[in-house]
>>> print(open('final.txt').read())   # compact mmCIF, C-alpha atoms and all ligand atoms
# COMPACT_ATOMS: atom_id res chain seq x y z
CA MET Y 1 0.00 0.00 0.00
CA ILE Y 2 1.20 3.46 -0.83
CA LYS Y 3 -0.51 6.81 -0.45
CA SER Y 4 0.26 10.06 -2.20
CA LEU Y 5 -0.22 13.62 -1.08
CA ILE Y 6 0.15 16.74 -3.22
CA SER Y 7 1.02 20.16 -1.87
CA CYS Y 8 1.96 23.39 -3.60
CA PRO Y 9 4.21 25.57 -1.41
CA SER Y 10 4.40 28.10 -4.26
CA PRO Y 11 2.87 28.45 -7.74
CA GLU Y 12 6.18 27.39 -9.24
CA HIS Y 13 6.74 24.42 -7.01
CA ALA Y 14 4.65 21.29 -6.39
CA VAL Y 15 5.50 18.57 -3.91
CA LEU Y 16 4.34 15.00 -4.24
CA GLU Y 17 4.79 12.98 -1.13
CA PHE Y 18 4.57 9.20 -0.95
CA ASN Y 19 3.87 7.23 2.16
CA GLY Y 20 4.18 3.45 2.29
CA LEU Y 21 5.78 0.56 0.49
CA PHE Y 22 7.13 1.39 -2.97
CA ASP Y 23 7.72 -1.93 -4.73
CA ARG Y 24 6.62 -3.73 -7.85
CA SER Y 25 3.09 -4.11 -6.54
CA THR Y 26 2.67 -0.37 -5.97
CA ALA Y 27 5.02 1.03 -8.62
CA HIS Y 28 2.18 1.57 -11.08
CA LYS Y 29 0.41 3.90 -8.64
CA VAL Y 30 3.54 5.95 -7.95
CA ARG Y 31 4.11 6.14 -11.68
CA ARG Y 32 0.55 7.15 -12.53
CA ASP Y 33 0.25 9.79 -9.80
CA SER Y 34 3.65 11.23 -10.60
CA LEU Y 35 3.24 11.38 -14.36
CA LYS Y 36 -0.14 13.06 -13.95
CA LEU Y 37 1.42 15.79 -11.86
CA VAL Y 38 4.46 16.04 -14.13
CA GLN Y 39 2.12 16.87 -17.00
CA LYS Y 40 0.34 19.49 -14.95
CA GLN Y 41 3.57 21.08 -13.80
CA GLY Y 42 4.98 21.46 -17.31
CA SER Y 43 8.22 23.36 -17.05
CA ARG Y 44 7.75 24.19 -13.39
CA GLU Y 45 9.49 22.45 -10.53
CA LEU Y 46 8.31 19.16 -9.11
CA GLU Y 47 9.56 17.67 -5.92
CA ILE Y 48 8.99 14.03 -5.08
CA ASP Y 49 9.41 13.29 -1.43
CA LEU Y 50 10.13 9.68 -0.53
CA THR Y 51 11.01 10.26 3.14
CA ASN Y 52 8.11 8.09 4.21
CA ALA Y 53 8.28 5.59 1.39
CA ARG Y 54 10.27 2.40 1.53
CA CYS Y 55 11.76 1.37 -1.82
CA ILE Y 56 12.22 -2.38 -1.97
CA ASP Y 57 13.19 -3.32 -5.49
CA THR Y 58 14.45 -1.94 -8.78
CA SER Y 59 10.96 -1.17 -10.07
CA CYS Y 60 11.10 1.94 -7.92
CA VAL Y 61 14.33 3.10 -9.54
CA ALA Y 62 12.87 2.38 -12.98
CA VAL Y 63 9.81 4.50 -12.22
CA LEU Y 64 12.01 7.36 -11.02
CA VAL Y 65 14.01 7.16 -14.25
CA GLU Y 66 10.85 7.44 -16.34
CA ILE Y 67 9.58 10.38 -14.28
CA LEU Y 68 12.92 12.11 -14.71
CA ASN Y 69 12.94 11.47 -18.45
CA THR Y 70 9.44 12.89 -18.81
CA VAL Y 71 10.18 15.97 -16.71
CA ARG Y 72 13.33 16.71 -18.72
CA LYS Y 73 11.52 16.26 -22.03
CA GLN Y 74 9.11 19.02 -21.14
CA GLY Y 75 11.82 21.29 -19.82
CA GLY Y 76 10.83 21.00 -16.17
CA LYS Y 77 12.88 20.44 -13.07
CA LEU Y 78 12.74 17.41 -10.78
CA LYS Y 79 13.92 17.15 -7.22
CA LEU Y 80 13.97 13.91 -5.24
CA THR Y 81 14.07 14.13 -1.49
CA GLY Y 82 14.19 11.50 1.21
CA ILE Y 83 15.90 8.84 -0.93
CA ASP Y 84 17.01 6.06 1.42
CA ASP Y 85 20.36 4.25 1.36
CA ASN Y 86 18.92 1.15 -0.23
CA THR Y 87 17.58 3.11 -3.18
CA ALA Y 88 20.81 5.03 -3.52
CA ARG Y 89 22.68 1.73 -3.66
CA MET Y 90 20.37 0.33 -6.32
CA ILE Y 91 20.91 3.49 -8.35
CA SER Y 92 24.63 3.15 -8.10
CA LEU Y 93 24.66 -0.59 -8.83
CA SER Y 94 22.79 0.14 -12.06
CA GLN Y 95 25.29 2.92 -12.77
CA LEU Y 96 22.65 5.62 -12.80
CA ASP Y 97 24.38 7.98 -10.35
CA GLU Y 98 25.23 10.47 -13.04
CA ILE Y 99 21.68 10.71 -14.30
CA PHE Y 100 20.40 11.43 -10.81
CA GLU Y 101 23.31 13.60 -9.74
CA ASP Y 102 21.54 16.96 -9.73
CA VAL Y 103 18.17 15.48 -8.91
CA ILE Y 104 18.64 13.84 -5.55
CA VAL Y 105 18.63 16.29 -2.71
CA ALA Y 106 20.10 14.87 0.44
CA GLU Y 107 18.13 16.91 2.95
CA LYS Y 108 14.52 17.83 2.81
CA LYS Y 109 14.41 21.57 3.18
CA MET S 1 13.94 -22.75 17.72
CA PRO S 2 14.51 -19.94 15.22
CA SER S 3 17.60 -20.42 13.12
CA ALA S 4 19.99 -17.88 11.64
CA ASP S 5 20.02 -19.80 8.38
CA LEU S 6 17.52 -18.90 5.69
CA ILE S 7 17.66 -22.41 4.26
CA GLU S 8 18.59 -25.53 6.16
CA VAL S 9 19.34 -28.83 4.46
CA ARG S 10 18.94 -31.77 6.83
CA GLY S 11 19.99 -35.31 6.02
CA LEU S 12 19.15 -34.99 2.33
CA LYS S 13 19.39 -38.19 0.28
CA SER S 14 18.70 -38.08 -3.42
CA PHE S 15 18.14 -40.75 -6.03
CA TYR S 16 17.92 -41.08 -9.79
CA ARG S 17 15.91 -44.18 -10.60
CA GLY S 18 17.07 -45.91 -7.44
CA ARG S 19 20.70 -44.87 -7.74
CA GLN S 20 21.69 -42.73 -4.76
CA VAL S 21 23.64 -39.58 -5.63
CA LEU S 22 23.33 -37.53 -2.41
CA PHE S 23 24.06 -39.06 1.00
CA ASP S 24 22.87 -37.36 4.19
CA VAL S 25 23.74 -33.89 3.04
CA THR S 26 23.39 -31.41 5.91
CA PHE S 27 24.29 -27.72 5.90
CA GLY S 28 22.79 -24.26 6.24
CA ILE S 29 22.55 -21.27 3.90
CA PRO S 30 22.85 -18.02 5.86
CA SER S 31 20.91 -14.91 4.82
CA HIS S 32 22.66 -12.05 3.07
CA GLN S 33 25.79 -14.10 2.47
CA VAL S 34 27.48 -15.96 -0.35
CA THR S 35 27.42 -19.74 0.06
CA VAL S 36 29.52 -21.70 -2.40
CA ILE S 37 28.79 -25.35 -3.07
CA MET S 38 31.90 -26.82 -4.57
CA GLY S 39 33.27 -30.13 -5.61
CA ALA S 40 34.45 -32.12 -8.60
CA SER S 41 32.26 -32.72 -11.60
CA GLY S 42 29.60 -35.34 -10.95
CA CYS S 43 29.63 -35.03 -7.16
CA GLY S 44 25.99 -33.92 -7.06
CA LYS S 45 26.10 -30.12 -6.98
CA THR S 46 23.47 -29.52 -9.65
CA THR S 47 21.23 -32.19 -8.13
CA LEU S 48 21.50 -30.44 -4.76
CA LEU S 49 20.64 -27.13 -6.41
CA ARG S 50 17.56 -28.68 -8.00
CA HIS S 51 16.42 -29.76 -4.55
CA LEU S 52 17.05 -26.28 -3.15
CA ILE S 53 14.83 -24.62 -5.72
CA GLY S 54 12.08 -27.20 -5.31
CA LEU S 55 12.52 -28.81 -8.72
CA LYS S 56 13.57 -32.27 -7.58
CA CYS S 57 11.60 -33.97 -4.89
CA THR S 58 12.48 -37.66 -5.06
CA GLY S 59 14.58 -37.92 -1.97
CA GLN S 60 14.63 -38.22 1.78
CA GLY S 61 15.48 -35.67 4.41
CA GLN S 62 14.39 -32.09 4.68
CA ILE S 63 14.99 -28.69 3.20
CA LEU S 64 13.72 -25.99 5.52
CA VAL S 65 13.02 -22.53 4.15
CA ASP S 66 12.42 -20.04 6.95
CA GLY S 67 11.98 -23.11 9.13
CA GLU S 68 9.26 -24.64 6.93
CA ASP S 69 9.72 -27.92 5.06
CA LEU S 70 9.93 -27.23 1.33
CA GLY S 71 8.77 -30.80 0.67
CA SER S 72 5.44 -30.10 2.33
CA PHE S 73 4.78 -26.80 0.54
CA SER S 74 1.44 -26.52 -1.20
CA GLU S 75 1.49 -25.45 -4.83
CA GLY S 76 0.73 -21.89 -3.72
CA LEU S 77 3.58 -21.78 -1.23
CA LEU S 78 5.98 -23.27 -3.77
CA LYS S 79 4.94 -20.61 -6.24
CA SER S 80 5.57 -17.80 -3.79
CA TYR S 81 8.93 -19.36 -2.85
CA ARG S 82 9.88 -19.46 -6.54
CA ARG S 83 9.06 -15.76 -6.77
CA ARG S 84 11.60 -15.04 -4.07
CA ILE S 85 14.38 -16.80 -5.93
CA GLY S 86 16.32 -16.24 -9.12
CA VAL S 87 18.11 -19.09 -10.84
CA LEU S 88 20.87 -19.18 -13.42
CA PHE S 89 21.11 -22.74 -14.71
CA GLN S 90 24.31 -24.27 -15.95
CA GLY S 91 23.21 -24.01 -19.59
CA GLY S 92 22.00 -20.42 -19.33
CA ALA S 93 18.82 -21.18 -21.27
CA LEU S 94 17.63 -18.03 -23.05
CA PHE S 95 14.80 -17.94 -25.56
CA ASN S 96 16.52 -17.90 -28.95
CA SER S 97 13.71 -16.13 -30.76
CA MET S 98 13.82 -13.10 -28.47
CA SER S 99 16.26 -10.25 -28.04
CA LEU S 100 18.16 -10.00 -24.78
CA ARG S 101 15.85 -7.26 -23.57
CA GLU S 102 12.76 -9.33 -24.34
CA ASN S 103 14.31 -12.35 -22.64
CA ILE S 104 14.85 -10.46 -19.43
CA ALA S 105 11.42 -8.85 -19.59
CA VAL S 106 9.67 -12.24 -19.65
CA PRO S 107 9.49 -12.84 -15.88
CA LEU S 108 8.37 -9.26 -15.28
CA LYS S 109 5.65 -9.49 -17.93
CA VAL S 110 4.43 -12.81 -16.57
CA HIS S 111 4.54 -12.07 -12.85
CA THR S 112 3.89 -8.34 -12.49
CA LYS S 113 1.49 -5.67 -13.69
CA LEU S 114 4.23 -3.13 -14.19
CA ALA S 115 3.90 -0.65 -17.05
CA ASP S 116 5.80 -1.53 -20.24
CA GLU S 117 8.08 1.46 -19.82
CA THR S 118 8.93 0.46 -16.23
CA ILE S 119 9.73 -3.06 -17.43
CA ARG S 120 11.84 -1.69 -20.27
CA ILE S 121 13.90 0.44 -17.89
CA MET S 122 14.26 -2.39 -15.38
CA THR S 123 15.58 -4.76 -18.05
CA VAL S 124 18.10 -2.20 -19.24
CA MET S 125 19.21 -1.72 -15.61
CA LYS S 126 19.76 -5.46 -15.23
CA LEU S 127 21.64 -5.67 -18.52
CA ASN S 128 23.77 -2.81 -17.30
CA MET S 129 24.56 -4.65 -14.06
CA VAL S 130 26.01 -7.53 -16.05
CA GLY S 131 27.78 -5.24 -18.52
CA LEU S 132 25.51 -5.90 -21.50
CA SER S 133 23.46 -2.72 -21.85
CA ASP S 134 24.87 -2.12 -25.33
CA PHE S 135 23.52 -5.47 -26.48
CA SER S 136 19.90 -5.24 -25.42
CA GLU S 137 18.57 -5.65 -28.96
CA PHE S 138 20.90 -8.54 -29.83
CA MET S 139 19.61 -12.07 -30.25
CA PRO S 140 21.22 -14.78 -28.10
CA SER S 141 22.73 -16.40 -31.20
CA GLN S 142 24.71 -13.22 -31.86
CA LEU S 143 26.50 -13.42 -28.53
CA SER S 144 29.45 -15.35 -27.17
CA GLY S 145 28.95 -18.04 -24.55
CA GLY S 146 30.16 -15.76 -21.81
CA MET S 147 27.75 -13.01 -22.83
CA ARG S 148 24.87 -15.48 -22.90
CA LYS S 149 25.77 -16.55 -19.40
CA ARG S 150 25.76 -12.94 -18.20
CA ALA S 151 22.43 -12.40 -19.95
CA GLY S 152 21.10 -15.43 -18.10
CA LEU S 153 22.23 -13.83 -14.89
CA ALA S 154 20.44 -10.61 -15.83
CA ARG S 155 17.30 -12.64 -16.34
CA ALA S 156 17.75 -14.37 -12.99
CA LEU S 157 17.93 -10.87 -11.48
CA ALA S 158 14.88 -9.56 -13.32
CA MET S 159 12.52 -9.98 -10.39
CA ASP S 160 14.97 -8.67 -7.77
CA PRO S 161 15.22 -12.04 -6.08
CA GLU S 162 15.88 -12.32 -2.40
CA ILE S 163 17.88 -15.50 -3.04
CA LEU S 164 19.99 -16.01 -6.14
CA PHE S 165 21.12 -19.49 -7.23
CA VAL S 166 23.79 -19.78 -9.90
CA ASP S 167 25.17 -23.00 -11.33
CA GLU S 168 28.75 -22.83 -12.61
CA PRO S 169 28.61 -19.12 -13.50
CA SER S 170 32.16 -18.80 -14.70
CA SER S 171 32.75 -22.09 -16.51
CA GLY S 172 33.78 -21.37 -20.08
CA LEU S 173 34.44 -17.71 -19.38
CA ASP S 174 37.75 -15.94 -19.85
CA PRO S 175 39.46 -15.00 -16.57
CA ILE S 176 38.61 -11.30 -16.79
CA THR S 177 34.92 -11.89 -17.44
CA ALA S 178 34.88 -14.53 -14.71
CA ALA S 179 36.43 -12.11 -12.23
CA GLY S 180 33.85 -9.48 -13.22
CA LEU S 181 31.10 -11.96 -12.50
CA ASP S 182 32.57 -12.75 -9.09
CA ARG S 183 32.65 -9.04 -8.34
CA LEU S 184 29.02 -8.67 -9.38
CA LEU S 185 27.91 -11.50 -7.08
CA LEU S 186 29.69 -9.79 -4.20
CA ASP S 187 28.10 -6.46 -5.14
CA LEU S 188 24.66 -8.02 -5.10
CA ARG S 189 25.28 -9.32 -1.62
CA GLU S 190 26.76 -6.06 -0.38
CA THR S 191 24.47 -3.64 -2.14
CA LEU S 192 21.14 -5.39 -2.14
CA GLY S 193 21.75 -7.79 0.74
CA MET S 194 20.99 -10.68 -1.56
CA THR S 195 21.48 -14.25 -0.37
CA VAL S 196 23.66 -15.86 -3.02
CA VAL S 197 24.23 -19.58 -3.60
CA VAL S 198 26.91 -20.43 -6.13
CA VAL S 199 27.69 -23.88 -7.45
CA THR S 200 31.18 -24.19 -8.86
CA HIS S 201 34.09 -26.53 -9.32
CA GLU S 202 36.49 -23.60 -9.55
CA LEU S 203 38.55 -23.32 -6.44
CA GLU S 204 39.97 -19.86 -6.89
CA SER S 205 36.62 -18.21 -7.49
CA ALA S 206 35.05 -20.16 -4.61
CA PHE S 207 37.55 -18.95 -2.05
CA LYS S 208 37.34 -15.40 -3.37
CA ILE S 209 33.61 -14.96 -3.03
CA ALA S 210 32.44 -17.40 -0.35
CA ASP S 211 31.33 -16.49 3.14
CA ARG S 212 30.59 -20.18 3.61
CA ILE S 213 31.86 -23.16 1.66
CA VAL S 214 30.13 -26.48 1.31
CA MET S 215 32.70 -28.85 -0.15
CA MET S 216 31.26 -32.03 -1.61
CA ASP S 217 32.73 -35.33 -2.63
CA LYS S 218 30.78 -38.14 -4.30
CA GLY S 219 27.46 -36.97 -2.95
CA ARG S 220 28.64 -36.24 0.58
CA VAL S 221 29.64 -33.07 2.36
CA MET S 222 33.33 -33.41 3.12
CA ALA S 223 34.01 -29.96 4.50
CA LEU S 224 31.85 -27.11 5.67
CA GLY S 225 32.63 -23.67 6.99
CA ALA S 226 34.21 -20.31 6.31
CA PRO S 227 36.91 -20.34 3.61
CA ASP S 228 39.65 -20.10 6.24
CA GLU S 229 38.29 -23.04 8.16
CA VAL S 230 38.09 -25.17 5.03
CA ARG S 231 41.60 -24.17 4.00
CA ARG S 232 42.93 -25.18 7.41
CA SER S 233 41.25 -28.56 7.21
CA THR S 234 43.49 -31.54 7.92
CA ASP S 235 41.10 -33.98 6.24
CA GLU S 236 43.12 -35.85 3.66
CA ARG S 237 40.40 -35.81 0.99
CA VAL S 238 39.96 -32.07 1.41
CA LEU S 239 43.68 -31.48 1.09
CA GLN S 240 43.81 -33.71 -1.92
CA PHE S 241 41.03 -31.74 -3.57
CA LEU S 242 42.62 -28.39 -2.75
CA ASN S 243 46.02 -29.51 -4.02
CA ARG S 244 44.82 -31.21 -7.15
CA GLU S 245 43.09 -28.02 -8.18
CA ALA S 246 46.14 -26.00 -7.28
CA ASP S 247 48.22 -28.20 -9.58
CA THR S 248 46.02 -27.55 -12.57
CA HIS S 249 46.22 -23.83 -11.87
CA MET S 250 49.99 -24.01 -12.05
CA ILE S 251 49.90 -24.68 -15.78
CA ASN S 252 50.87 -21.59 -17.66
CA ILE S 253 48.44 -21.55 -20.55
CA ASP S 254 50.53 -19.18 -22.66
CA SER S 255 53.67 -21.22 -22.54
CA TYR S 256 51.60 -24.34 -23.08
CA TYR S 257 50.21 -22.92 -26.32
CA GLU S 258 53.61 -21.67 -27.31
CA SER S 259 55.06 -25.12 -26.90
CA LEU S 260 52.30 -26.49 -29.09
CA LEU S 261 52.97 -23.91 -31.77
CA ASP S 262 56.70 -24.60 -31.72
CA LYS S 263 56.02 -28.02 -33.12
CA GLU S 264 54.67 -26.50 -36.35
N1 LIG H 1 18.73 -36.57 -14.84
C1 LIG H 1 19.58 -37.50 -14.35
N2 LIG H 1 19.29 -38.81 -14.44
C2 LIG H 1 20.13 -39.75 -13.93
N3 LIG H 1 21.30 -39.47 -13.32
C3 LIG H 1 21.64 -38.17 -13.21
C4 LIG H 1 20.81 -37.13 -13.71
N4 LIG H 1 21.41 -35.93 -13.45
C5 LIG H 1 22.57 -36.22 -12.82
N5 LIG H 1 22.71 -37.56 -12.67
C6 LIG H 1 23.83 -38.25 -11.98
O1 LIG H 1 23.90 -37.78 -10.65
C7 LIG H 1 25.23 -37.54 -10.24
C8 LIG H 1 25.42 -36.10 -9.81
O2 LIG H 1 25.25 -35.27 -10.95
P1 LIG H 1 25.21 -33.69 -10.87
O3 LIG H 1 24.33 -33.30 -9.76
O4 LIG H 1 24.89 -33.16 -12.22
O5 LIG H 1 26.73 -33.37 -10.49
P2 LIG H 1 27.57 -32.01 -10.63
O6 LIG H 1 26.63 -30.90 -10.88
O7 LIG H 1 28.33 -31.90 -9.37
O8 LIG H 1 28.50 -32.20 -11.80
C9 LIG H 1 26.10 -37.95 -11.42
O9 LIG H 1 26.54 -39.26 -11.22
C10 LIG H 1 25.16 -37.88 -12.60
O10 LIG H 1 25.53 -38.80 -13.57
MG MG H 2 26.51 -29.51 -12.45
>>> encode(input="final.txt", output="structure tokens")
Amino acid sequence: MIKSLISCPSPEHAVLEFNGLFDRSTAHKVRRDSLKLVQKQGSRELEIDLTNARCIDTSCVAVLVEILNTVRKQGGKLKLTGIDDNTARMISLSQLDEIFEDVIVAEKK
Amino acid sequence: MPSADLIEVRGLKSFYRGRQVLFDVTFGIPSHQVTVIMGASGCGKTTLLRHLIGLKCTGQGQILVDGEDLGSFSEGLLKSYRRRIGVLFQGGALFNSMSLRENIAVPLKVHTKLADETIRIMTVMKLNMVGLSDFSEFMPSQLSGGMRKRAGLARALAMDPEILFVDEPSSGLDPITAAGLDRLLLDLRETLGMTVVVVTHELESAFKIADRIVMMDKGRVMALGAPDEVRRSTDERVLQFLNREADTHMINIDSYYESLLDKE
């Protein structure tokens, strides 16, 4: 089970927060909710906050890659906060560090 | 009593049409570690692996997974156990009519409801892990044996297994590719905390990657423990096995070939 929550701290900045287990049984929901908001945000900034999500398998990294690709295609900006160690390790084992370099923000502001 | 081992093999005996090939095999497979089952060709390693993954059942004794007897699993339980494991068989076994990417996507398409794009990215990630991301659209027939083996490993990893079983991963590979594969198995343990079970007859690789070694001889466990413990064994058969292998490693392949060429 995973729940999402949208907030808009400013007109230029939307935050999508996930809460729960992010694995291959819930990846489709994370993907759908995120891509919907990505479209709405256009070239504005989107922050995905995974502080309260637990990423179990590589489906979660794959979904993040697709979100990032889509955001970049429409000239927007993506920020990922609250990425846990396990996810960071999966990213680096699949040699995706470079792609996520400017995207992952260590501390939630 | 709860046990630290994820899988426990207790007094396993195995038969092929009445002929016994495993004799009272007993050992444990610890979580998040690399267990290497080693021994000479024909000693029963692949048979043991088939028992561990629930493929071969004609035997006596027990295999406990999380303390539960695999032999008494219902079809449903066996199915969910199989979803927790990834297996790379000795032959590799890819579908020849599919590209590498399609091959690796098969388990994800069958067992999950993930979006096509998610599956596509996951398969590329797995191909990248085994160093084959540039070959995702290749057909198996266009690849070398070593590449097919690595592709098989990528497929075994497709579902992010909790336990990975690999049968003779580096046989037939050049030393550099083999070393890369060893490194990857260690990375999977370190990075993802995977429980890895490797079957091999290659001594050097076994001692390099193992947290625990199960050394077999003619269907029996002849040594069991951490690499250091096995190396310090005073058992004559163990020493013989260790030394025989060491002898074959002493051959310098280059000078051997040179001496062959000199005859021309
Ligand atoms: N399908 C089979 N039918 C009959 N005998 C088999 C079969 N598979 C293996 N064996 C025999 O069982 C013994 C152990 O084989 P195996 O488990 O493949 O050893 P290893 O993997 O260590 O080389 C060998 O004597 C082999 O001939
Ligand atoms: Mg074998």
>>> residues_near_ligand(input="final.txt", ligand="ligand MG 2 (chain H)", cutoff="9 Å", atoms="all atoms listed in the file", output="PyMOL selection string")
chain S and resi 41-47+49+89-90+167-168+199-201
>>> interface_residues(input="final.txt", of="chain S", to="chain Y", cutoff="9 Å", atoms="only C-alpha atoms", output="compact mmCIF listing (two decimals) with C-alpha atoms, in the coordinates of the input")
# COMPACT_ATOMS: atom_id res chain seq x y z
CA THR S 112 3.89 -8.34 -12.49
CA LYS S 113 1.49 -5.67 -13.69
CA LEU S 114 4.23 -3.13 -14.19
CA ALA S 115 3.90 -0.65 -17.05
CA GLU S 117 8.08 1.46 -19.82
CA THR S 118 8.93 0.46 -16.23
CA ILE S 119 9.73 -3.06 -17.43
CA ARG S 120 11.84 -1.69 -20.27
CA ILE S 121 13.90 0.44 -17.89
CA MET S 122 14.26 -2.39 -15.38
CA VAL S 124 18.10 -2.20 -19.24
CA MET S 125 19.21 -1.72 -15.61
CA LYS S 126 19.76 -5.46 -15.23
CA LEU S 127 21.64 -5.67 -18.52
CA ASN S 128 23.77 -2.81 -17.30
CA MET S 129 24.56 -4.65 -14.06
CA ALA S 158 14.88 -9.56 -13.32
CA MET S 159 12.52 -9.98 -10.39
CA ASP S 160 14.97 -8.67 -7.77
CA PRO S 161 15.22 -12.04 -6.08
CA ASP S 187 28.10 -6.46 -5.14
CA LEU S 188 24.66 -8.02 -5.10
CA THR S 191 24.47 -3.64 -2.14
CA LEU S 192 21.14 -5.39 -2.14
>>> residues_around(input="final.txt", residues="Leu52 of chain S", least_positions_apart="5", cutoff="10 Å", atoms="all atoms listed in the file", output="JSON list (two decimals) with C-alpha atoms, keeping the file's coordinate frame")
[["chain", "number", "residue", "atom", "x", "y", "z"],
["S", 7, "ILE", "CA", 17.66, -22.41, 4.26],
["S", 8, "GLU", "CA", 18.59, -25.53, 6.16],
["S", 9, "VAL", "CA", 19.34, -28.83, 4.46],
["S", 46, "THR", "CA", 23.47, -29.52, -9.65],
["S", 47, "THR", "CA", 21.23, -32.19, -8.13],
["S", 57, "CYS", "CA", 11.60, -33.97, -4.89],
["S", 63, "ILE", "CA", 14.99, -28.69, 3.20],
["S", 64, "LEU", "CA", 13.72, -25.99, 5.52],
["S", 65, "VAL", "CA", 13.02, -22.53, 4.15],
["S", 70, "LEU", "CA", 9.93, -27.23, 1.33],
["S", 165, "PHE", "CA", 21.12, -19.49, -7.23],
["S", 197, "VAL", "CA", 24.23, -19.58, -3.60]]
>>> atom_distance(input="final.txt", atom1="atom CA of Phe15 of chain S", atom2="atom CA of Ser171 of chain S")
25.9 Å
>>> atom_distance(input="final.txt", atom1="atom CA of Ala151 of chain S", atom2="atom CA of Ile85 of chain S")
16.8 Å
>>> closest_residue(input="final.txt", among="S:Met98, S:Ala154, S:Val166, S:Ile29", to="ligand LIG 1 (chain H)", atoms="all atoms listed in the file")
S:Val166
>>> residues_around(input="final.txt", residues="Leu80 of chain Y", least_positions_apart="3", cutoff="9 Å", atoms="all atoms listed in the file", output="ChimeraX atom specification")
/Y:46-50,64,83,100,103-106,108
>>> write_last_selection(input="final.txt", atoms="C-alpha atoms", output="CSV table (one decimal), in the coordinates of the input")
chain,number,residue,atom,x,y,z
Y,46,LEU,CA,8.3,19.2,-9.1
Y,47,GLU,CA,9.6,17.7,-5.9
Y,48,ILE,CA,9.0,14.0,-5.1
Y,49,ASP,CA,9.4,13.3,-1.4
Y,50,LEU,CA,10.1,9.7,-0.5
Y,64,LEU,CA,12.0,7.4,-11.0
Y,83,ILE,CA,15.9,8.8,-0.9
Y,100,PHE,CA,20.4,11.4,-10.8
Y,103,VAL,CA,18.2,15.5,-8.9
Y,104,ILE,CA,18.6,13.8,-5.6
Y,105,VAL,CA,18.6,16.3,-2.7
Y,106,ALA,CA,20.1,14.9,0.4
Y,108,LYS,CA,14.5,17.8,2.8
>>> decode(input="final.txt", residues="segment 61-73 of chain S", atoms="N, CA and C atoms", output="CSV table (one decimal), in the first residue's frame")
chain,number,residue,atom,x,y,z
S,61,GLY,N,14.9,-36.8,3.7
S,61,GLY,CA,15.5,-35.7,4.4
S,61,GLY,C,14.6,-34.4,4.2
S,62,GLN,N,15.2,-33.3,4.7
S,62,GLN,CA,14.4,-32.1,4.7
S,62,GLN,C,15.2,-30.9,4.2
S,63,ILE,N,14.4,-30.0,3.5
S,63,ILE,CA,15.0,-28.7,3.2
S,63,ILE,C,14.0,-27.7,3.8
S,64,LEU,N,14.6,-27.0,4.8
S,64,LEU,CA,13.7,-26.0,5.5
S,64,LEU,C,14.0,-24.6,5.0
S,65,VAL,N,12.9,-23.9,4.6
S,65,VAL,CA,13.0,-22.5,4.1
S,65,VAL,C,12.3,-21.7,5.2
S,66,ASP,N,13.0,-20.8,5.8
S,66,ASP,CA,12.4,-20.0,7.0
S,66,ASP,C,11.8,-21.0,8.0
S,67,GLY,N,12.4,-22.1,8.1
S,67,GLY,CA,12.0,-23.1,9.1
S,67,GLY,C,10.8,-24.0,8.7
S,68,GLU,N,10.4,-23.8,7.4
S,68,GLU,CA,9.3,-24.6,6.9
S,68,GLU,C,9.8,-25.6,5.9
S,69,ASP,N,9.3,-26.9,5.9
S,69,ASP,CA,9.7,-27.9,5.1
S,69,ASP,C,9.3,-27.7,3.6
S,70,LEU,N,10.2,-27.5,2.7
S,70,LEU,CA,9.9,-27.2,1.3
S,70,LEU,C,9.1,-28.4,0.7
S,71,GLY,N,9.4,-29.6,1.2
S,71,GLY,CA,8.8,-30.8,0.7
S,71,GLY,C,7.3,-30.8,1.0
S,72,SER,N,6.9,-30.1,2.0
S,72,SER,CA,5.4,-30.1,2.3
S,72,SER,C,4.7,-28.8,1.8
S,73,PHE,N,5.4,-28.0,1.1
S,73,PHE,CA,4.8,-26.8,0.5
S,73,PHE,C,3.6,-27.1,-0.4
